[in-house]
$ cat coords.cif   # mmCIF, C-alpha atoms
data_structure
loop_
_atom_site.label_atom_id
_atom_site.label_comp_id
_atom_site.auth_asym_id
_atom_site.auth_seq_id
_atom_site.Cartn_x
_atom_site.Cartn_y
_atom_site.Cartn_z
CA MET A 1 -1.67 23.82 -25.70
CA ASP A 2 1.00 25.97 -24.08
CA THR A 3 -0.13 27.56 -20.83
CA GLU A 4 2.76 29.95 -20.26
CA GLN A 5 2.72 33.09 -22.39
CA PHE A 6 5.53 35.45 -23.35
CA LEU A 7 5.16 38.77 -25.09
CA ALA A 8 6.80 39.31 -28.47
CA PRO A 9 8.23 42.73 -29.41
CA GLU A 10 5.86 45.71 -29.00
CA ASP A 11 2.23 44.88 -29.77
CA ALA A 12 2.73 41.44 -31.34
CA PRO A 13 0.48 38.66 -30.06
CA PRO A 14 1.85 36.66 -27.12
CA LEU A 15 3.94 33.58 -27.90
CA GLY A 16 3.61 30.21 -26.22
CA ARG A 17 6.53 28.44 -24.56
CA SER A 18 7.38 26.22 -27.54
CA ARG A 19 7.29 29.05 -30.04
CA THR A 20 9.36 31.29 -27.78
CA ASP A 21 11.95 28.52 -27.47
CA VAL A 22 12.10 28.15 -31.25
CA LEU A 23 12.50 31.92 -31.72
CA ASP A 24 15.28 32.06 -29.12
CA MET A 25 17.01 29.21 -30.93
CA LEU A 26 16.86 31.04 -34.27
CA ARG A 27 18.27 34.20 -32.69
CA ALA A 28 21.19 32.28 -31.19
CA ALA A 29 22.02 30.33 -34.36
CA ASP A 30 24.98 31.25 -36.58
CA GLY A 31 22.86 30.74 -39.71
CA PRO A 32 19.46 29.57 -40.94
CA LEU A 33 18.09 26.40 -39.33
CA GLY A 34 16.03 23.77 -41.11
CA VAL A 35 12.87 22.16 -39.82
CA ARG A 36 14.63 18.93 -38.81
CA GLU A 37 17.34 20.83 -36.94
CA VAL A 38 14.74 22.78 -34.99
CA ALA A 39 12.75 19.61 -34.28
CA GLN A 40 15.82 17.74 -33.03
CA ARG A 41 16.99 20.55 -30.78
CA THR A 42 13.59 21.22 -29.25
CA GLY A 43 12.19 17.70 -29.16
CA LEU A 44 9.19 18.80 -31.21
CA HIS A 45 7.67 16.71 -33.99
CA PRO A 46 8.90 18.03 -37.39
CA ASN A 47 5.35 18.98 -38.40
CA THR A 48 4.93 20.94 -35.16
CA ALA A 49 8.30 22.65 -35.66
CA ARG A 50 7.31 23.59 -39.22
CA PHE A 51 3.98 24.95 -37.97
CA HIS A 52 5.73 27.22 -35.45
CA LEU A 53 8.34 28.36 -37.98
CA GLU A 54 5.77 29.26 -40.63
CA ALA A 55 3.65 31.08 -38.06
CA MET A 56 6.66 33.19 -37.09
CA VAL A 57 7.33 33.99 -40.76
CA GLU A 58 3.74 35.21 -41.09
CA ALA A 59 4.14 37.29 -37.93
CA GLY A 60 7.32 38.92 -39.20
CA LEU A 61 9.49 37.35 -36.49
CA ALA A 62 11.38 35.02 -38.83
CA ALA A 63 12.32 34.82 -42.50
CA ARG A 64 12.39 31.82 -44.80
CA GLU A 65 15.50 31.24 -46.96
CA THR A 66 16.18 28.79 -49.77
CA GLU A 67 19.73 27.48 -49.59
CA ASP A 68 21.62 26.50 -52.74
CA ARG A 69 22.69 22.88 -52.27
CA GLY A 70 24.72 22.69 -55.47
CA THR A 71 23.40 19.16 -56.01
CA PRO A 72 20.23 17.75 -57.63
CA GLY A 73 17.10 17.63 -55.52
CA ARG A 74 14.90 20.02 -53.66
CA PRO A 75 16.78 22.97 -52.11
CA ARG A 76 16.97 23.10 -48.33
CA ILE A 77 14.67 25.61 -46.66
CA GLY A 78 16.15 27.42 -43.67
CA TYR A 79 14.69 29.87 -41.18
CA ARG A 80 16.35 32.79 -39.43
CA ALA A 81 15.14 35.32 -36.89
CA VAL A 82 14.33 38.83 -38.11
CA ALA A 83 16.35 41.32 -36.12
CA ASP A 84 13.71 43.99 -35.53
CA GLY A 85 10.58 41.87 -35.82
CA PRO A 86 7.23 43.52 -36.62
CA ALA A 87 8.29 46.94 -35.36
CA GLY A 88 11.19 47.05 -37.80
CA ARG A 89 8.94 45.94 -40.65
CA ARG A 90 6.51 48.76 -39.91
CA ARG A 91 9.31 51.35 -39.94
CA TYR A 92 10.71 50.11 -43.25
CA ARG A 93 7.25 49.91 -44.77
CA MET A 94 6.58 53.53 -43.84
CA LEU A 95 9.91 54.59 -45.34
CA ALA A 96 9.15 52.63 -48.52
CA GLU A 97 5.71 54.24 -48.78
CA MET A 98 7.14 57.73 -48.28
CA LEU A 99 9.82 57.31 -50.96
CA THR A 100 7.50 55.56 -53.40
CA SER A 101 4.80 58.22 -53.09
CA LEU A 102 7.45 60.90 -53.63
CA ILE A 103 8.60 59.24 -56.87
CA ALA A 104 5.04 58.74 -58.07
CA ALA A 105 4.03 62.34 -57.34
CA THR A 106 7.09 64.30 -58.44
CA MET A 107 8.86 62.37 -61.21
CA PRO A 108 7.68 63.15 -64.76
CA GLU A 109 8.13 59.45 -65.66
CA PRO A 110 8.00 57.52 -62.37
CA GLN A 111 8.09 54.07 -63.98
CA ALA A 112 11.21 54.88 -66.00
CA ALA A 113 12.87 56.42 -62.95
CA ALA A 114 12.08 53.37 -60.83
CA GLU A 115 13.34 50.95 -63.47
CA GLY A 116 16.55 52.94 -63.84
CA ALA A 117 17.15 52.82 -60.09
CA GLY A 118 16.44 49.09 -60.14
CA GLN A 119 18.99 48.53 -62.90
CA GLU A 120 21.67 50.33 -60.91
CA TRP A 121 20.99 48.22 -57.82
CA GLY A 122 20.70 45.02 -59.82
CA ALA A 123 24.14 45.65 -61.29
CA TYR A 124 25.48 46.34 -57.80
CA LEU A 125 24.08 43.10 -56.39
CA ALA A 126 25.25 40.85 -59.24
CA GLU A 127 28.74 39.48 -59.64
CA GLN A 128 30.47 40.33 -62.91
CA PRO A 129 32.25 37.38 -64.57
CA ALA A 130 35.88 37.46 -65.64
CA PRO A 131 36.71 39.02 -69.04
CA TYR A 132 35.52 36.97 -72.04
CA GLN A 133 33.43 34.74 -69.80
CA ARG A 134 29.69 34.68 -69.50
CA PRO A 135 27.25 32.29 -67.88
CA THR A 136 24.89 30.03 -69.77
CA ALA A 137 21.20 30.83 -69.68
CA GLU A 138 20.71 28.16 -67.03
CA GLU A 139 23.53 29.56 -64.91
CA GLY A 140 22.18 33.06 -65.36
CA ILE A 141 18.69 32.15 -64.19
CA GLY A 142 20.24 30.33 -61.26
CA LYS A 143 22.26 33.37 -60.24
CA LEU A 144 19.28 35.66 -60.67
CA THR A 145 17.14 33.31 -58.58
CA ALA A 146 19.76 33.45 -55.83
CA ILE A 147 19.77 37.26 -55.88
CA MET A 148 15.98 37.47 -55.68
CA ASP A 149 15.92 34.86 -52.94
CA GLY A 150 18.40 36.88 -50.93
CA LEU A 151 16.06 39.86 -51.21
CA GLY A 152 13.16 37.85 -49.81
CA PHE A 153 11.11 37.04 -52.93
CA ALA A 154 11.08 33.24 -52.38
CA PRO A 155 11.54 32.70 -56.14
CA ARG A 156 11.10 29.54 -58.17
CA ALA A 157 12.43 29.26 -61.73
CA GLU A 158 10.61 27.38 -64.48
CA ALA A 159 11.95 26.76 -67.99
CA GLU A 160 10.44 25.58 -71.26
CA ASP A 161 11.81 25.89 -74.83
CA GLY A 162 14.11 28.82 -74.12
CA GLN A 163 11.44 30.66 -72.18
CA TYR A 164 11.77 31.17 -68.44
CA ARG A 165 9.36 32.11 -65.68
CA LEU A 166 10.65 33.37 -62.38
CA CYS A 167 7.78 32.97 -59.95
CA LEU A 168 8.13 35.49 -57.13
CA ARG A 169 6.05 34.01 -54.34
CA GLN A 170 6.77 36.50 -51.56
CA CYS A 171 7.12 40.16 -52.45
CA PRO A 172 8.84 41.98 -49.55
CA PHE A 173 7.06 45.19 -50.61
CA ARG A 174 3.64 43.72 -51.30
CA GLU A 175 1.66 46.26 -49.26
CA VAL A 176 3.41 49.18 -50.96
CA ALA A 177 3.13 47.56 -54.39
CA GLU A 178 -0.63 47.26 -53.99
CA GLN A 179 -0.80 51.06 -53.73
CA HIS A 180 2.01 51.98 -56.17
CA GLN A 181 2.25 49.00 -58.49
CA ASP A 182 3.75 50.99 -61.38
CA VAL A 183 6.71 52.19 -59.31
CA ILE A 184 7.48 49.07 -57.26
CA CYS A 185 7.06 46.57 -60.09
CA SER A 186 9.16 48.74 -62.43
CA LEU A 187 11.86 48.87 -59.75
CA HIS A 188 11.88 45.06 -59.48
CA LEU A 189 11.91 44.57 -63.24
CA GLY A 190 14.83 46.99 -63.52
CA LEU A 191 16.65 45.16 -60.76
CA MET A 192 16.46 41.89 -62.72
CA ARG A 193 17.52 43.58 -65.94
CA GLY A 194 20.47 45.25 -64.25
CA ALA A 195 21.61 41.99 -62.64
CA LEU A 196 21.38 40.05 -65.93
CA ALA A 197 23.33 42.76 -67.76
CA ARG A 198 26.03 42.85 -65.09
CA MET A 199 26.58 39.09 -65.20
CA ARG A 200 26.44 39.14 -69.03
CA ALA A 201 23.81 36.43 -69.02
CA PRO A 202 22.22 35.53 -72.38
CA LEU A 203 18.79 36.33 -71.00
CA THR A 204 16.29 39.12 -71.48
CA ALA A 205 13.77 40.12 -68.83
CA ASP A 206 10.74 40.74 -71.05
CA GLY A 207 8.28 41.80 -68.38
CA LEU A 208 6.85 41.35 -64.93
CA ASP A 209 3.23 40.31 -64.42
CA PRO A 210 2.13 41.47 -60.95
CA PHE A 211 -0.32 39.59 -58.74
CA VAL A 212 -1.29 36.89 -61.23
CA GLU A 213 -2.45 35.12 -58.08
CA PRO A 214 -2.65 36.45 -54.51
CA GLY A 215 0.96 36.77 -53.39
CA LEU A 216 2.40 35.66 -56.74
CA CYS A 217 4.14 37.78 -59.40
CA VAL A 218 5.75 36.25 -62.49
CA ALA A 219 8.78 37.59 -64.35
CA ARG A 220 8.99 36.54 -68.00
CA LEU A 221 12.49 35.92 -69.37
CA SER A 222 13.76 34.59 -72.67
CA ALA A 223 17.10 33.32 -73.90
CA SER A 224 18.90 35.82 -76.12
CA ALA A 225 21.70 35.37 -78.65
CA SER A 226 25.12 34.72 -77.11
#
$ encode --input "coords.cif" --output "structure tokens"
Amino acid sequence: MDTEQFLAPEDAPPLGRSRTDVLDMLRAADGPLGVREVAQRTGLHPNTARFHLEAMVEAGLAARETEDRGTPGRPRIGYRAVADGPAGRRRYRMLAEMLTSLIAATMPEPQAAAEGAGQEWGAYLAEQPAPYQRPTAEEGIGKLTAIMDGLGFAPRAEAEDGQYRLCLRQCPFREVAEQHQDVICSLHLGLMRGALARMRAPLTADGLDPFVEPGLCVARLSASAS
């Protein structure tokens, strides 16, 4: 066990020497680092490096990212430091709660308003294809997965007979969604619909099932006519 302790930002629990070294490494890196990279650079066993990395994700000090390899096989998981750490997360959570409660209390149709805002942002985040071009359903779900991954949802796509499930395993607004599920989930559904429309993907986002398991929401999508 590490004997030397170092304080994380604000009131976070103290970090041991190894975990502090890993966090410093993530902060100095140009991009996300994988478990093997961290293990090689620190001399830690890969399982120990993974343990530290996942603990820092839980503490809000690091974020997990799935990198698109472009080749068959499991995608590479990378880790990066979170700029503001837990203090920044608390500030953004408070802002999200304030805005969400305002929408819920003052809008005549808060769900419709949230979905509309999500569609606008989904269209902004998606890349529009060239004229007369459109992605296949598989390409569309891949692009949508990349967008949701970039937003921190840790998504995983599943397909069967023209039906798709986008498993969102890490909602970045989980605490707010637990209090204002109608607004937050409508916003996320609208975001997916706006992104699919922008990229002209032959897919329809039929619905979003929140919290089917602790920490897991499932978006239901189906292939539409080209």
$ closest_residue --input "coords.cif" --among "A:Val82, A:Ala112, A:Ala117, A:Leu33" --to "A:Leu191" --atoms "all atoms listed in the file"
A:Ala117
$ resolve_selection --input "coords.cif" --expression "the PyMOL selection byres ((chain A and resi 157-170) around 7)" --output "PyMOL selection string"
chain A and resi 145+152-156+171-172+215-223
$ resolve_selection --input "coords.cif" --expression "the PyMOL selection byres ((chain A and resi 136) around 10)" --output "list in words"
Gln133, Arg134, Pro135, Ala137, Glu138, Glu139, Gly140, Ile141, Gly142, Arg200, Ala201, Pro202, Leu203, Ala223 and Ser226 of chain A
$ atom_distance --input "coords.cif" --atom1 "atom CA of A:Asp182" --atom2 "atom CA of A:Glu127"
27.6 Å
$ resolve_selection --input "coords.cif" --expression "the PyMOL selection byres ((chain A and resi 55) around 12)" --output "number ranges by chain"
A: 13, 15-16, 19-20, 22-23, 48-54, 56-64, 79
$ write_last_selection --input "coords.cif" --atoms "C-alpha atoms" --output "compact mmCIF listing (two decimals), in the coordinates of the input"
# COMPACT_ATOMS: atom_id res chain seq x y z
CA PRO A 13 0.48 38.66 -30.06
CA LEU A 15 3.94 33.58 -27.90
CA GLY A 16 3.61 30.21 -26.22
CA ARG A 19 7.29 29.05 -30.04
CA THR A 20 9.36 31.29 -27.78
CA VAL A 22 12.10 28.15 -31.25
CA LEU A 23 12.50 31.92 -31.72
CA THR A 48 4.93 20.94 -35.16
CA ALA A 49 8.30 22.65 -35.66
CA ARG A 50 7.31 23.59 -39.22
CA PHE A 51 3.98 24.95 -37.97
CA HIS A 52 5.73 27.22 -35.45
CA LEU A 53 8.34 28.36 -37.98
CA GLU A 54 5.77 29.26 -40.63
CA MET A 56 6.66 33.19 -37.09
CA VAL A 57 7.33 33.99 -40.76
CA GLU A 58 3.74 35.21 -41.09
CA ALA A 59 4.14 37.29 -37.93
CA GLY A 60 7.32 38.92 -39.20
CA LEU A 61 9.49 37.35 -36.49
CA ALA A 62 11.38 35.02 -38.83
CA ALA A 63 12.32 34.82 -42.50
CA ARG A 64 12.39 31.82 -44.80
CA TYR A 79 14.69 29.87 -41.18
$ atom_distance --input "coords.cif" --atom1 "atom CA of A:Gln179" --atom2 "atom CA of A:Ala104"
10.6 Å
$ atom_distance --input "coords.cif" --atom1 "atom CA of A:Thr106" --atom2 "atom CA of A:Val212"
28.8 Å
$ closest_residue --input "coords.cif" --among "A:Arg198, A:Ser186, A:Arg41, A:Pro32" --to "A:Ala130" --atoms "only C-alpha atoms"
A:Arg198
$ closest_residue --input "coords.cif" --among "A:Leu26, A:Val35, A:Cys185, A:Leu144" --to "A:Phe211" --atoms "all atoms listed in the file"
A:Cys185
$ closest_residue --input "coords.cif" --among "A:Ala195, A:Arg80, A:Thr42, A:Leu151" --to "A:Asp21" --atoms "only C-alpha atoms"
A:Thr42
$ closest_residue --input "coords.cif" --among "A:Val183, A:Ala126, A:Val38, A:Ala105" --to "A:Pro210" --atoms "only C-alpha atoms"
A:Val183
$ closest_residue --input "coords.cif" --among "A:Ser18, A:Ser101, A:Gln111, A:Gln119" --to "A:Gly194" --atoms "only C-alpha atoms"
A:Gln119
$ build_atoms --input "coords.cif" --residues "stretch 182-193 of chain A" --atoms "all heavy atoms" --output "CSV table (one decimal), keeping the file's coordinate frame"
chain,number,residue,atom,x,y,z
A,182,ASP,N,2.9,50.6,-60.3
A,182,ASP,CA,3.8,51.0,-61.4
A,182,ASP,C,5.2,51.3,-61.0
A,182,ASP,O,6.1,50.9,-61.7
A,182,ASP,CB,3.2,52.2,-62.1
A,182,ASP,CG,2.9,53.4,-61.1
A,182,ASP,OD1,2.9,53.1,-59.8
A,182,ASP,OD2,2.7,54.5,-61.5
A,183,VAL,N,5.4,51.8,-59.8
A,183,VAL,CA,6.7,52.2,-59.3
A,183,VAL,C,7.4,51.0,-58.8
A,183,VAL,O,8.6,50.7,-59.2
A,183,VAL,CB,6.6,53.3,-58.2
A,183,VAL,CG1,8.0,53.5,-57.6
A,183,VAL,CG2,6.1,54.6,-58.8
A,184,ILE,N,6.8,50.2,-57.9
A,184,ILE,CA,7.5,49.1,-57.3
A,184,ILE,C,7.8,48.0,-58.3
A,184,ILE,O,8.9,47.4,-58.3
A,184,ILE,CB,6.6,48.5,-56.1
A,184,ILE,CG1,6.5,49.6,-55.0
A,184,ILE,CG2,7.3,47.3,-55.5
A,184,ILE,CD1,7.8,50.0,-54.4
A,185,CYS,N,6.8,47.6,-59.1
A,185,CYS,CA,7.1,46.6,-60.1
A,185,CYS,C,8.1,47.0,-61.1
A,185,CYS,O,8.9,46.2,-61.6
A,185,CYS,CB,5.8,46.2,-60.7
A,185,CYS,SG,4.6,45.4,-59.6
A,186,SER,N,8.1,48.2,-61.5
A,186,SER,CA,9.2,48.7,-62.4
A,186,SER,C,10.5,48.7,-61.8
A,186,SER,O,11.5,48.3,-62.4
A,186,SER,CB,8.9,50.2,-62.9
A,186,SER,OG,7.7,50.2,-63.6
A,187,LEU,N,10.6,49.0,-60.5
A,187,LEU,CA,11.9,48.9,-59.8
A,187,LEU,C,12.4,47.4,-59.8
A,187,LEU,O,13.5,47.2,-60.0
A,187,LEU,CB,11.6,49.3,-58.3
A,187,LEU,CG,12.9,49.3,-57.4
A,187,LEU,CD1,13.8,50.4,-57.7
A,187,LEU,CD2,12.4,49.4,-55.9
A,188,HIS,N,11.5,46.5,-59.5
A,188,HIS,CA,11.9,45.1,-59.5
A,188,HIS,C,12.3,44.5,-60.9
A,188,HIS,O,13.2,43.8,-61.0
A,188,HIS,CB,10.7,44.2,-58.9
A,188,HIS,CG,10.5,44.5,-57.5
A,188,HIS,ND1,9.3,44.2,-56.8
A,188,HIS,CD2,11.2,45.2,-56.5
A,188,HIS,CE1,9.3,44.6,-55.6
A,188,HIS,NE2,10.5,45.2,-55.4
A,189,LEU,N,11.5,45.0,-61.9
A,189,LEU,CA,11.9,44.6,-63.2
A,189,LEU,C,13.3,45.1,-63.6
A,189,LEU,O,14.1,44.4,-64.2
A,189,LEU,CB,10.9,45.1,-64.2
A,189,LEU,CG,11.1,44.7,-65.7
A,189,LEU,CD1,11.2,43.2,-65.9
A,189,LEU,CD2,10.0,45.4,-66.6
A,190,GLY,N,13.5,46.4,-63.3
A,190,GLY,CA,14.8,47.0,-63.5
A,190,GLY,C,15.9,46.3,-62.8
A,190,GLY,O,17.0,46.1,-63.3
A,191,LEU,N,15.7,45.9,-61.6
A,191,LEU,CA,16.6,45.2,-60.8
A,191,LEU,C,17.1,43.9,-61.5
A,191,LEU,O,18.3,43.6,-61.6
A,191,LEU,CB,16.1,44.8,-59.4
A,191,LEU,CG,17.0,44.3,-58.3
A,191,LEU,CD1,16.5,44.8,-56.9
A,191,LEU,CD2,17.1,42.8,-58.4
A,192,MET,N,16.1,43.1,-62.0
A,192,MET,CA,16.5,41.9,-62.7
A,192,MET,C,17.2,42.2,-64.0
A,192,MET,O,18.2,41.5,-64.3
A,192,MET,CB,15.2,41.1,-63.0
A,192,MET,CG,14.6,40.5,-61.8
A,192,MET,SD,13.1,39.5,-62.1
A,192,MET,CE,11.9,40.7,-62.2
A,193,ARG,N,16.8,43.2,-64.7
A,193,ARG,CA,17.5,43.6,-65.9
A,193,ARG,C,19.0,44.0,-65.7
A,193,ARG,O,19.9,43.7,-66.4
A,193,ARG,CB,16.7,44.7,-66.7
A,193,ARG,CG,15.5,44.1,-67.3
A,193,ARG,CD,14.6,45.3,-68.0
A,193,ARG,NE,13.6,44.7,-68.8
A,193,ARG,CZ,12.5,45.4,-69.3
A,193,ARG,NH1,12.5,46.7,-69.0
A,193,ARG,NH2,11.6,44.8,-70.0
